[in-house]
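Raw target-v4.csv, CSV, C-alpha atoms:
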chain,number,residue,atom,x,y,z
E,1,MET,CA,16.4,2.4,15.0
E,2,ARG,CA,19.5,4.5,15.4
E,3,SER,CA,19.4,8.3,15.1
E,4,THR,CA,21.7,8.3,12.1
E,5,THR,CA,19.6,5.7,10.3
E,6,LEU,CA,16.5,7.6,11.1
E,7,LEU,CA,18.0,10.9,9.7
E,8,ALA,CA,19.3,9.1,6.6
E,9,LEU,CA,15.8,7.6,6.0
E,10,LEU,CA,14.2,11.1,6.5
E,11,ALA,CA,16.6,12.6,4.0
E,12,LEU,CA,15.8,9.8,1.5
E,13,VAL,CA,12.1,10.4,1.9
E,14,LEU,CA,12.5,14.1,1.5
E,15,LEU,CA,14.6,13.6,-1.6
E,16,TYR,CA,11.9,11.3,-3.0
E,17,LEU,CA,9.3,13.9,-2.3
E,18,VAL,CA,11.3,16.6,-4.1
E,19,LEU,CA,11.8,14.2,-7.1
E,20,GLY,CA,8.1,13.5,-7.3
E,21,ALA,CA,7.3,17.2,-7.0
E,22,LEU,CA,9.6,18.1,-9.9
E,23,VAL,CA,8.2,15.3,-12.1
E,24,PHE,CA,4.6,16.0,-11.4
E,25,ARG,CA,5.1,19.8,-12.0
E,26,ALA,CA,6.8,19.1,-15.3
E,27,LEU,CA,4.0,16.8,-16.4
E,28,GLU,CA,0.9,18.5,-15.1
E,29,GLN,CA,1.6,22.2,-15.0
E,30,PRO,CA,1.5,22.7,-18.8
E,31,LEU,CA,-1.9,21.0,-19.0
E,32,GLU,CA,-3.2,23.2,-16.1
E,33,GLN,CA,-2.1,26.3,-17.9
E,34,GLN,CA,-3.6,25.1,-21.2
E,35,ALA,CA,-7.0,24.4,-19.5
E,36,GLN,CA,-7.0,27.9,-17.9
E,37,ARG,CA,-6.3,29.5,-21.3
E,38,GLU,CA,-9.1,27.4,-22.9
E,39,LEU,CA,-11.5,28.5,-20.1
E,40,GLY,CA,-10.7,32.1,-20.7
E,41,GLU,CA,-11.2,31.7,-24.5
E,42,VAL,CA,-14.6,30.1,-23.9
E,43,ARG,CA,-15.6,32.8,-21.5
E,44,GLU,CA,-14.7,35.6,-24.0
E,45,ARG,CA,-16.4,33.8,-26.8
E,46,PHE,CA,-19.6,33.4,-24.7
E,47,LEU,CA,-19.6,37.1,-23.9
E,48,ARG,CA,-19.2,38.1,-27.5
E,49,THR,CA,-22.0,35.8,-28.6
E,50,HIS,CA,-24.3,37.0,-25.7
E,51,PRO,CA,-23.6,40.8,-25.3
E,52,CYS,CA,-26.6,41.1,-23.0
E,53,VAL,CA,-24.7,39.1,-20.3
E,54,SER,CA,-22.2,41.1,-18.3
E,55,ASP,CA,-18.8,39.8,-17.3
E,56,GLY,CA,-19.7,40.0,-13.6
E,57,ASP,CA,-23.0,38.0,-14.1
E,58,LEU,CA,-21.1,35.3,-16.0
E,59,GLY,CA,-18.5,35.1,-13.3
E,60,LEU,CA,-21.2,34.7,-10.6
E,61,LEU,CA,-22.8,31.9,-12.6
E,62,ILE,CA,-19.5,30.1,-13.0
E,63,LYS,CA,-18.9,30.4,-9.3
E,64,GLU,CA,-22.3,29.0,-8.5
E,65,VAL,CA,-21.9,26.1,-10.9
E,66,ALA,CA,-18.5,25.3,-9.3
E,67,ASP,CA,-20.0,25.3,-5.9
E,68,ALA,CA,-22.8,23.0,-7.1
E,69,LEU,CA,-20.4,20.6,-8.6
E,70,GLY,CA,-18.4,20.6,-5.3
E,71,GLY,CA,-21.7,19.7,-3.5
E,72,GLY,CA,-22.2,16.6,-5.7
E,73,ALA,CA,-24.3,18.0,-8.5
E,74,ASN,CA,-23.8,16.4,-11.9
E,75,PRO,CA,-24.2,18.7,-15.0
E,76,ASP,CA,-25.1,15.7,-17.1
E,77,ILE,CA,-28.3,15.1,-15.1
E,78,ASN,CA,-31.4,16.7,-16.5
E,79,ALA,CA,-33.6,17.7,-13.5
E,80,THR,CA,-36.8,17.0,-15.4
E,81,SER,CA,-35.9,13.6,-16.8
E,82,ARG,CA,-33.8,12.3,-13.9
E,83,SER,CA,-35.5,13.9,-10.9
E,84,ASN,CA,-35.2,10.7,-8.8
E,85,TYR,CA,-31.4,10.4,-9.3
E,86,SER,CA,-29.3,10.9,-6.1
E,87,ALA,CA,-25.6,10.2,-5.4
E,88,TRP,CA,-26.8,9.5,-1.9
E,89,ASP,CA,-29.0,6.5,-2.5
E,90,LEU,CA,-28.4,3.5,-0.3
E,91,SER,CA,-25.8,2.0,-2.7
E,92,GLY,CA,-23.8,5.3,-3.0
E,93,ALA,CA,-24.0,6.0,0.8
E,94,PHE,CA,-22.8,2.5,1.5
E,95,PHE,CA,-19.8,3.0,-0.8
E,96,PHE,CA,-19.1,6.4,0.8
E,97,SER,CA,-19.1,4.9,4.3
E,98,GLY,CA,-16.7,2.3,3.0
E,99,THR,CA,-14.3,4.9,1.7
E,100,ILE,CA,-14.3,6.5,5.2
E,101,ILE,CA,-13.3,3.3,7.2
E,102,THR,CA,-10.8,2.2,4.5
E,103,THR,CA,-9.2,5.8,4.6
E,104,ILE,CA,-9.4,6.0,0.8
E,105,GLY,CA,-11.6,9.1,0.8
E,106,TYR,CA,-12.0,9.7,-3.0
E,107,GLY,CA,-13.3,13.2,-2.5
E,108,ASN,CA,-15.8,13.0,-5.4
E,109,ALA,CA,-18.6,13.2,-2.8
E,110,ALA,CA,-18.4,15.6,0.1
E,111,LEU,CA,-20.5,16.2,3.2
E,112,ARG,CA,-22.3,19.5,3.1
E,113,SER,CA,-24.2,19.5,6.4
E,114,ASP,CA,-22.7,20.2,9.8
E,115,ALA,CA,-24.5,17.2,11.2
E,116,GLY,CA,-23.0,15.0,8.6
E,117,ARG,CA,-19.5,16.3,9.2
E,118,THR,CA,-19.9,15.8,13.0
E,119,PHE,CA,-21.2,12.2,12.5
E,120,SER,CA,-18.3,11.4,10.1
E,121,ILE,CA,-15.8,12.3,12.8
E,122,ILE,CA,-17.3,9.8,15.2
E,123,TYR,CA,-17.9,7.3,12.5
E,124,ALA,CA,-14.3,7.4,11.3
E,125,LEU,CA,-12.8,7.2,14.8
E,126,VAL,CA,-14.8,4.0,15.5
E,127,GLY,CA,-14.9,2.5,12.0
E,128,ILE,CA,-11.2,2.8,11.1
E,129,PRO,CA,-9.9,0.6,14.0
E,130,LEU,CA,-12.7,-1.8,13.5
E,131,PHE,CA,-11.9,-2.1,9.8
E,132,GLY,CA,-8.2,-2.6,10.7
E,133,ILE,CA,-9.0,-5.6,12.8
E,134,LEU,CA,-11.2,-7.0,10.0
E,135,LEU,CA,-8.5,-6.4,7.4
E,136,ALA,CA,-5.9,-8.2,9.6
E,137,GLY,CA,-8.1,-11.2,9.9
E,138,VAL,CA,-9.1,-11.4,6.3
E,139,GLY,CA,-5.5,-10.8,5.2
E,140,ASP,CA,-4.3,-13.7,7.4
E,141,ARG,CA,-7.0,-16.1,6.1
E,142,LEU,CA,-6.4,-15.0,2.5
E,143,GLY,CA,-2.6,-15.3,2.8
E,144,SER,CA,-3.0,-18.8,4.4
E,145,ALA,CA,-5.3,-19.9,1.6
E,146,LEU,CA,-3.0,-18.7,-1.1
E,147,ARG,CA,0.1,-20.3,0.6
E,148,HIS,CA,-1.8,-23.5,1.1
E,149,GLY,CA,-2.6,-23.7,-2.6
E,150,ILE,CA,1.0,-22.8,-3.5
E,151,GLY,CA,2.2,-25.5,-1.1
E,152,HIS,CA,0.7,-28.1,-3.4
E,153,ILE,CA,2.6,-26.6,-6.3
E,154,GLU,CA,5.8,-26.7,-4.2
E,155,ALA,CA,5.3,-30.4,-3.6
E,156,ILE,CA,5.1,-31.0,-7.3
E,157,PHE,CA,8.3,-29.1,-7.9
E,158,LEU,CA,10.1,-31.0,-5.1
E,159,LYS,CA,9.0,-34.3,-6.7
E,160,TRP,CA,10.6,-33.1,-9.8
E,161,HIS,CA,13.9,-32.6,-7.8
E,162,VAL,CA,13.9,-28.8,-8.3
E,163,PRO,CA,16.4,-27.1,-5.9
E,164,LYS,CA,14.7,-25.9,-2.7
E,165,GLU,CA,16.1,-22.3,-3.2
E,166,LEU,CA,14.5,-22.2,-6.7
E,167,VAL,CA,11.2,-23.5,-5.3
E,168,ARG,CA,11.1,-20.7,-2.7
E,169,ILE,CA,11.7,-18.1,-5.4
E,170,LEU,CA,9.0,-19.7,-7.6
E,171,SER,CA,6.6,-19.8,-4.6
E,172,ALA,CA,7.1,-16.1,-3.9
E,173,LEU,CA,6.6,-15.2,-7.6
E,174,LEU,CA,3.4,-17.4,-7.8
E,175,PHE,CA,2.0,-15.6,-4.7
E,176,LEU,CA,2.5,-12.3,-6.3
E,177,VAL,CA,1.3,-13.3,-9.8
E,178,ILE,CA,-1.9,-15.0,-8.5
E,179,GLY,CA,-2.7,-12.1,-6.3
E,180,CYS,CA,-2.2,-9.6,-9.1
E,181,LEU,CA,-4.3,-11.6,-11.4
E,182,LEU,CA,-7.2,-11.8,-8.9
E,183,PHE,CA,-7.1,-8.3,-7.5
E,184,VAL,CA,-5.5,-6.1,-10.2
E,185,VAL,CA,-5.8,-7.6,-13.7
E,186,THR,CA,-9.3,-9.1,-13.5
E,187,PRO,CA,-10.8,-5.9,-11.9
E,188,MET,CA,-9.1,-3.8,-14.5
E,189,PHE,CA,-11.1,-5.6,-17.3
E,190,VAL,CA,-14.3,-5.5,-15.2
E,191,PHE,CA,-14.0,-1.7,-14.8
E,192,CYS,CA,-13.1,-1.3,-18.5
E,193,TYR,CA,-16.4,-3.0,-19.4
E,194,MET,CA,-18.6,-1.5,-16.7
E,195,GLU,CA,-17.3,2.1,-16.7
E,196,GLY,CA,-16.1,2.4,-20.3
E,197,TRP,CA,-12.6,3.3,-19.2
E,198,SER,CA,-9.4,2.6,-21.1
E,199,LYS,CA,-7.0,0.0,-19.7
E,200,LEU,CA,-4.7,2.8,-18.4
E,201,GLU,CA,-7.6,4.5,-16.6
E,202,ALA,CA,-8.8,1.3,-15.1
E,203,ILE,CA,-5.4,0.2,-13.8
E,204,TYR,CA,-4.8,3.7,-12.6
E,205,PHE,CA,-8.0,3.5,-10.6
E,206,VAL,CA,-7.1,0.0,-9.2
E,207,VAL,CA,-3.7,1.1,-8.0
E,208,VAL,CA,-4.9,4.4,-6.6
E,209,THR,CA,-7.6,2.6,-4.7
E,210,LEU,CA,-5.7,-0.3,-3.3
E,211,THR,CA,-2.9,2.0,-2.2
E,212,THR,CA,-5.6,4.1,-0.4
E,213,VAL,CA,-4.5,7.2,-2.2
E,214,GLY,CA,-8.0,7.8,-3.7
E,215,PHE,CA,-7.6,10.9,-5.8
E,216,GLY,CA,-11.3,10.8,-6.8
E,217,ASP,CA,-10.9,11.7,-10.5
E,218,TYR,CA,-12.0,8.2,-11.3
E,219,VAL,CA,-14.5,6.4,-9.1
E,220,ALA,CA,-16.4,3.2,-9.8
E,221,GLY,CA,-20.1,3.7,-9.9
E,222,ALA,CA,-20.1,7.5,-9.9
E,223,ASN,CA,-21.5,7.6,-13.5
E,224,PRO,CA,-25.2,8.4,-13.3
E,225,ASN,CA,-25.9,5.9,-16.1
E,226,GLN,CA,-24.7,3.1,-13.8
E,227,THR,CA,-28.0,1.6,-12.6
E,228,HIS,CA,-26.9,-1.6,-10.9
E,229,ALA,CA,-27.7,-1.2,-7.3
E,230,ALA,CA,-25.2,-3.9,-6.1
E,231,TYR,CA,-22.3,-2.6,-8.2
E,232,GLN,CA,-20.7,-0.2,-5.7
E,233,PRO,CA,-21.2,-2.6,-2.7
E,234,LEU,CA,-19.4,-5.3,-4.7
E,235,VAL,CA,-16.6,-2.8,-5.5
E,236,TRP,CA,-16.2,-2.2,-1.8
E,237,PHE,CA,-15.9,-6.0,-1.1
E,238,TRP,CA,-13.2,-6.1,-3.9
E,239,ILE,CA,-11.4,-3.3,-2.1
E,240,LEU,CA,-11.6,-5.3,1.2
E,241,LEU,CA,-10.0,-8.4,-0.4
E,242,GLY,CA,-7.5,-6.3,-2.4
E,243,LEU,CA,-6.3,-4.4,0.7
E,244,ALA,CA,-6.1,-7.6,2.6
E,245,TYR,CA,-3.9,-9.2,0.0
E,246,PHE,CA,-1.6,-6.2,-0.2
E,247,ALA,CA,-1.5,-6.1,3.6
E,248,SER,CA,-0.4,-9.7,3.7
E,249,VAL,CA,2.3,-9.0,1.0
E,250,LEU,CA,3.6,-6.0,2.9
E,251,THR,CA,3.6,-7.9,6.2
E,252,THR,CA,5.6,-10.7,4.6
E,253,ILE,CA,8.1,-8.2,3.2
E,254,GLY,CA,8.3,-6.4,6.5
E,255,ASN,CA,8.9,-9.7,8.4
E,256,TRP,CA,11.6,-10.7,5.9
E,257,LEU,CA,13.3,-7.3,6.2
E,258,ARG,CA,13.1,-7.5,10.0
E,259,VAL,CA,14.8,-10.9,10.0
E,260,VAL,CA,17.5,-9.7,7.6
E,261,PHE,CA,18.1,-6.5,9.7
E,262,ARG,CA,18.4,-8.6,12.9
E,263,ARG,CA,20.8,-11.0,11.4
E,264,THR,CA,22.9,-8.3,9.9
E,265,ARG,CA,23.1,-6.5,13.2
E,266,ALA,CA,24.1,-9.8,14.9
E,267,GLU,CA,26.7,-10.7,12.4
E,268,VAL,CA,28.3,-7.4,11.5
E,269,GLY,CA,30.1,-7.4,14.8
E,270,ALA,CA,32.4,-4.9,16.4
E,271,PRO,CA,34.6,-2.2,14.7
E,272,GLY,CA,37.8,-3.3,13.2
E,273,GLY,CA,36.3,-6.0,11.0
E,274,ARG,CA,36.0,-8.7,13.7
E,275,THR,CA,32.7,-10.5,13.8
E,276,CYS,CA,31.6,-11.6,17.3
E,277,ALA,CA,28.5,-12.9,18.9
E,278,LEU,CA,27.7,-13.8,22.5
E,279,LYS,CA,28.4,-17.3,23.4
E,280,PRO,CA,25.7,-19.4,25.2
E,281,ALA,CA,26.1,-19.8,29.0
E,282,ARG,CA,27.9,-22.9,30.1
E,283,ALA,CA,29.2,-23.7,26.7
E,284,ALA,CA,32.7,-25.0,26.2
E,285,PRO,CA,35.2,-22.4,25.1
E,286,GLU,CA,35.7,-23.9,21.7
E,287,GLN,CA,32.1,-25.0,21.0
E,288,TRP,CA,28.9,-23.4,19.8
E,289,PHE,CA,26.1,-25.8,20.5
E,290,GLY,CA,28.4,-28.7,19.5
E,291,THR,CA,30.1,-27.0,16.6
E,292,PRO,CA,33.9,-26.2,16.8
E,293,CYS,CA,34.6,-22.5,16.7
E,294,LEU,CA,37.7,-20.2,16.8
E,295,PRO,CA,39.2,-19.3,20.2
E,296,SER,CA,37.0,-17.2,22.5
E,297,ARG,CA,37.3,-13.5,23.0
E,298,VAL,CA,36.3,-11.1,25.8
E,299,TRP,CA,33.5,-8.7,24.8
E,300,ALA,CA,32.9,-6.1,27.5
E,301,GLY,CA,33.4,-8.6,30.2
E,302,THR,CA,31.3,-11.3,28.5
E,303,GLU,CA,32.7,-14.3,26.7
E,304,CYS,CA,32.1,-14.3,23.0
E,305,ALA,CA,33.3,-16.2,19.9
E,306,PRO,CA,33.3,-15.4,16.2
E,307,ILE,CA,30.3,-16.7,14.4
E,308,CYS,CA,31.0,-20.1,13.0
E,309,PRO,CA,31.2,-20.1,9.2
E,310,SER,CA,29.2,-23.3,8.9
E,311,GLY,CA,27.6,-26.1,10.9
E,312,ASP,CA,24.6,-26.6,13.1
E,313,ARG,CA,24.3,-24.0,15.8
E,314,GLY,CA,21.9,-25.9,17.9
E,315,ALA,CA,18.3,-25.5,18.9
E,316,GLY,CA,16.3,-22.7,17.3
E,317,ASP,CA,15.0,-21.3,20.5
E,318,HIS,CA,18.6,-20.9,21.9
E,319,THR,CA,19.8,-19.4,18.7
E,320,SER,CA,17.0,-16.9,18.5
E,321,ALA,CA,17.6,-15.8,22.1
E,322,LEU,CA,21.3,-15.5,21.4
E,323,VAL,CA,20.7,-13.4,18.3
E,324,ASP,CA,18.5,-11.1,20.3
E,325,ARG,CA,21.2,-10.7,22.9
E,326,ALA,CA,23.9,-10.2,20.3
E,327,ALA,CA,21.8,-7.5,18.5
E,328,ARG,CA,21.9,-5.4,21.7
E,329,PHE,CA,25.6,-5.5,21.9
E,330,THR,CA,26.7,-4.9,18.3
E,331,THR,CA,28.1,-1.5,19.1
E,332,VAL,CA,30.4,-2.9,21.8
E,333,GLN,CA,34.0,-3.4,20.7
E,334,CYS,CA,35.6,-6.8,21.0
E,335,GLY,CA,38.6,-7.2,23.2
E,336,GLN,CA,41.7,-9.2,22.5
E,337,PRO,CA,41.8,-12.9,22.8
E,338,SER,CA,41.9,-14.1,26.4
This entry written out as structure tokens:
Amino acid sequence: MRSTTLLALLALVLLYLVLGALVFRALEQPLEQQAQRELGEVRERFLRTHPCVSDGDLGLLIKEVADALGGGANPDINATSRSNYSAWDLSGAFFFSGTIITTIGYGNAALRSDAGRTFSIIYALVGIPLFGILLAGVGDRLGSALRHGIGHIEAIFLKWHVPKELVRILSALLFLVIGCLLFVVTPMFVFCYMEGWSKLEAIYFVVVTLTTVGFGDYVAGANPNQTHAAYQPLVWFWILLGLAYFASVLTTIGNWLRVVFRRTRAEVGAPGGRTCALKPARAAPEQWFGTPCLPSRVWAGTECAPICPSGDRGAGDHTSALVDRAARFTTVQCGQPS
């Protein structure tokens, strides 16, 4: 990537960050200020109702409660009636381990011991690459399975004499729609039923999870009333498949953009509006793999010819190698016709 392109991309990302900062501040800051005012009002009302409690003692209690909540305590749990409840049971610990290697890191559960933090460092350094290898393999299999199924639908469209360009567009749309139905829409309804969330809260959790943002304000299975032991492990397997699907989509988009970028570099040509590409060795001056072309030019001491507007350009391997060579010389100015 050229330095100018890199700087332009950096400027675009910074502009995008500033835009996000302005929007989030406008949307969230008033709610934060309102919550702070309400907390102050509740505190004053409590002190008026209980004059025997000093302001300092109440502040100390609030701080201790906040520390306990940060350590994973749940104020909805009654210690006498739910003494066996723990967020670190086998199911919860499995889910937490999964959030480490997937790099989601919701933050609703945090490690408090030095031994746990030390182990998490080693665990993450080993687990994240291991999960990356698994994700690549699952994404490849999942993408192949979806494309295989869509291939049967393509065959039906082709039998109906639908244009190939339209079939390609329909195939891409089907790939996206089927994946979204399987990994976004269906889990949304499951979470609405299991967690009691609204549809907006459920889709928010799904997107935040599958993009590995993981804010932690909504976490599946964090409700103490959720008693299904297999629930959180099943959620983790959904995360695995969902991440694999989105990884295959992003890989497909990246490959397409890479091809477009390479073709654009090869076909833009030299300054002055003339489009040139290297001509294959031992080719006739007026031919490109058997297709008539315009008169040859000299390009930095190497014969080249304008890219043919139409026609077969020959074997794919030769063309690919030629495009690679042309891409490395796109900044070189064409000379005059020899």
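Among the candidate residues E:Ile121, E:Cys52, E:Leu181, E:Ile104, the one lying nearest to E:Val213 is E:Ile104, with distances computed using only C-alpha atoms.
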Contacts of E:Val138 at 10 Å or less, counting all atoms listed in the file, minus same-chain residues fewer than 6 places along, as a ChimeraX atom specification?
/E:132,144,240-241,243-245,247-248
Give me, please, the distance in Å between atom CA of E:Leu9 and atom CA of E:Phe246, quoted to one decimal.
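Interatomic distance, atom CA of E:Leu9 to atom CA of E:Phe246: 23.1 Å.
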So which one's closest to E:Gly116, E:Leu250, E:Gly149, E:Ala93, E:Val162? Using only C-alpha atoms, please.
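Of E:Leu250, E:Gly149, E:Ala93, E:Val162, the one nearest E:Gly116 is E:Ala93, counting only C-alpha atoms.
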Considering only C-alpha atoms, return as a PyMOL selection string whatever protein or nucleic-acid residues lie within 6 Å of E:Gly216, sequence-local ones (same chain, fewer than 3 positions apart) excluded.
chain E and resi 106-108+219
Hey, which bits of stretch 120-159 of chain E sit within 12 Å of stretch 163-168 of chain E, and for each residue what's the closest pair of atoms and how far apart in Å (one decimal), counting all atoms listed in the file, rows by chain and increasing number, as a tab-separated table?
residue	atom	partner	partner_atom	distance
E:Arg147	CA	E:Arg168	CA	11.5
E:Ile150	CA	E:Arg168	CA	10.3
E:Gly151	CA	E:Val167	CA	10.1
E:His152	CA	E:Val167	CA	11.6
E:Ile153	CA	E:Val167	CA	9.2
E:Glu154	CA	E:Val167	CA	6.4
E:Ala155	CA	E:Val167	CA	9.2
E:Ile156	CA	E:Val167	CA	9.9
E:Phe157	CA	E:Val167	CA	6.8
E:Leu158	CA	E:Lys164	CA	7.3
E:Lys159	CA	E:Pro163	CA	10.4
Separation of atom CA of E:Arg112 from atom CA of E:Gly71, in Å and rounded to one decimal:
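Rounded to one decimal, the two atoms are 6.6 Å apart.
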Using Å and a single decimal, report how far atom CA of E:Glu41 sits from atom CA of E:Leu58.
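These two atoms are separated by 13.5 Å.
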Counting only C-alpha atoms, what is within 8 Å of E:Thr212, bar same-chain residues fewer than 3 positions away, as number ranges by chain?
E: 102-105, 208-209
Missing atoms in stretch 128-137 of chain E need filling: write out all heavy atoms for it as an mmCIF file, keeping the file's coordinate frame.
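In the end it all went to part-v9.cif:
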data_model
loop_
_atom_site.group_PDB
_atom_site.id
_atom_site.type_symbol
_atom_site.label_atom_id
_atom_site.label_comp_id
_atom_site.auth_asym_id
_atom_site.auth_seq_id
_atom_site.Cartn_x
_atom_site.Cartn_y
_atom_site.Cartn_z
ATOM 1 N N ILE E 128 -12.525 3.066 11.587
ATOM 2 C CA ILE E 128 -11.200 2.800 11.100
ATOM 3 C C ILE E 128 -10.493 1.678 11.889
ATOM 4 O O ILE E 128 -9.966 0.718 11.313
ATOM 5 C CB ILE E 128 -10.349 4.062 11.011
ATOM 6 C CG1 ILE E 128 -10.904 4.992 9.923
ATOM 7 C CG2 ILE E 128 -8.878 3.751 10.729
ATOM 8 C CD1 ILE E 128 -10.258 6.352 9.871
ATOM 9 N N PRO E 129 -10.461 1.747 13.232
ATOM 10 C CA PRO E 129 -9.900 0.600 14.000
ATOM 11 C C PRO E 129 -10.633 -0.689 13.763
ATOM 12 O O PRO E 129 -10.013 -1.755 13.678
ATOM 13 C CB PRO E 129 -9.965 1.080 15.434
ATOM 14 C CG PRO E 129 -10.098 2.555 15.380
ATOM 15 C CD PRO E 129 -10.854 2.847 14.139
ATOM 16 N N LEU E 130 -11.950 -0.609 13.683
ATOM 17 C CA LEU E 130 -12.700 -1.800 13.500
ATOM 18 C C LEU E 130 -12.385 -2.449 12.112
ATOM 19 O O LEU E 130 -12.208 -3.679 12.007
ATOM 20 C CB LEU E 130 -14.227 -1.471 13.499
ATOM 21 C CG LEU E 130 -15.213 -2.628 13.364
ATOM 22 C CD1 LEU E 130 -15.060 -3.584 14.532
ATOM 23 C CD2 LEU E 130 -16.644 -2.091 13.293
ATOM 24 N N PHE E 131 -12.263 -1.621 11.085
ATOM 25 C CA PHE E 131 -11.900 -2.100 9.800
ATOM 26 C C PHE E 131 -10.465 -2.692 9.794
ATOM 27 O O PHE E 131 -10.163 -3.674 9.113
ATOM 28 C CB PHE E 131 -12.013 -1.057 8.710
ATOM 29 C CG PHE E 131 -11.629 -1.514 7.333
ATOM 30 C CD1 PHE E 131 -12.498 -2.285 6.586
ATOM 31 C CD2 PHE E 131 -10.395 -1.178 6.794
ATOM 32 C CE1 PHE E 131 -12.153 -2.723 5.315
ATOM 33 C CE2 PHE E 131 -10.038 -1.608 5.535
ATOM 34 C CZ PHE E 131 -10.907 -2.380 4.789
ATOM 35 N N GLY E 132 -9.575 -2.057 10.561
ATOM 36 C CA GLY E 132 -8.200 -2.600 10.700
ATOM 37 C C GLY E 132 -8.161 -3.966 11.224
ATOM 38 O O GLY E 132 -7.389 -4.819 10.752
ATOM 39 N N ILE E 133 -8.985 -4.234 12.229
ATOM 40 C CA ILE E 133 -9.000 -5.600 12.800
ATOM 41 C C ILE E 133 -9.576 -6.571 11.763
ATOM 42 O O ILE E 133 -9.042 -7.674 11.592
ATOM 43 C CB ILE E 133 -9.934 -5.589 14.058
ATOM 44 C CG1 ILE E 133 -9.321 -4.674 15.138
ATOM 45 C CG2 ILE E 133 -10.104 -6.999 14.599
ATOM 46 C CD1 ILE E 133 -10.227 -4.464 16.337
ATOM 47 N N LEU E 134 -10.642 -6.172 11.055
ATOM 48 C CA LEU E 134 -11.200 -7.000 10.000
ATOM 49 C C LEU E 134 -10.162 -7.280 8.919
ATOM 50 O O LEU E 134 -10.006 -8.415 8.437
ATOM 51 C CB LEU E 134 -12.441 -6.383 9.420
ATOM 52 C CG LEU E 134 -13.060 -7.078 8.198
ATOM 53 C CD1 LEU E 134 -13.570 -8.462 8.568
ATOM 54 C CD2 LEU E 134 -14.169 -6.224 7.597
ATOM 55 N N LEU E 135 -9.444 -6.245 8.516
ATOM 56 C CA LEU E 135 -8.500 -6.400 7.400
ATOM 57 C C LEU E 135 -7.346 -7.343 7.840
ATOM 58 O O LEU E 135 -6.891 -8.152 7.025
ATOM 59 C CB LEU E 135 -7.871 -4.997 7.133
ATOM 60 C CG LEU E 135 -6.950 -4.902 5.909
ATOM 61 C CD1 LEU E 135 -7.724 -5.223 4.644
ATOM 62 C CD2 LEU E 135 -6.338 -3.517 5.826
ATOM 63 N N ALA E 136 -6.911 -7.271 9.104
ATOM 64 C CA ALA E 136 -5.900 -8.200 9.600
ATOM 65 C C ALA E 136 -6.352 -9.636 9.512
ATOM 66 O O ALA E 136 -5.625 -10.530 9.076
ATOM 67 C CB ALA E 136 -5.446 -7.817 10.975
ATOM 68 N N GLY E 137 -7.590 -9.854 9.953
ATOM 69 C CA GLY E 137 -8.100 -11.200 9.900
ATOM 70 C C GLY E 137 -8.311 -11.746 8.523
ATOM 71 O O GLY E 137 -7.936 -12.886 8.223
#
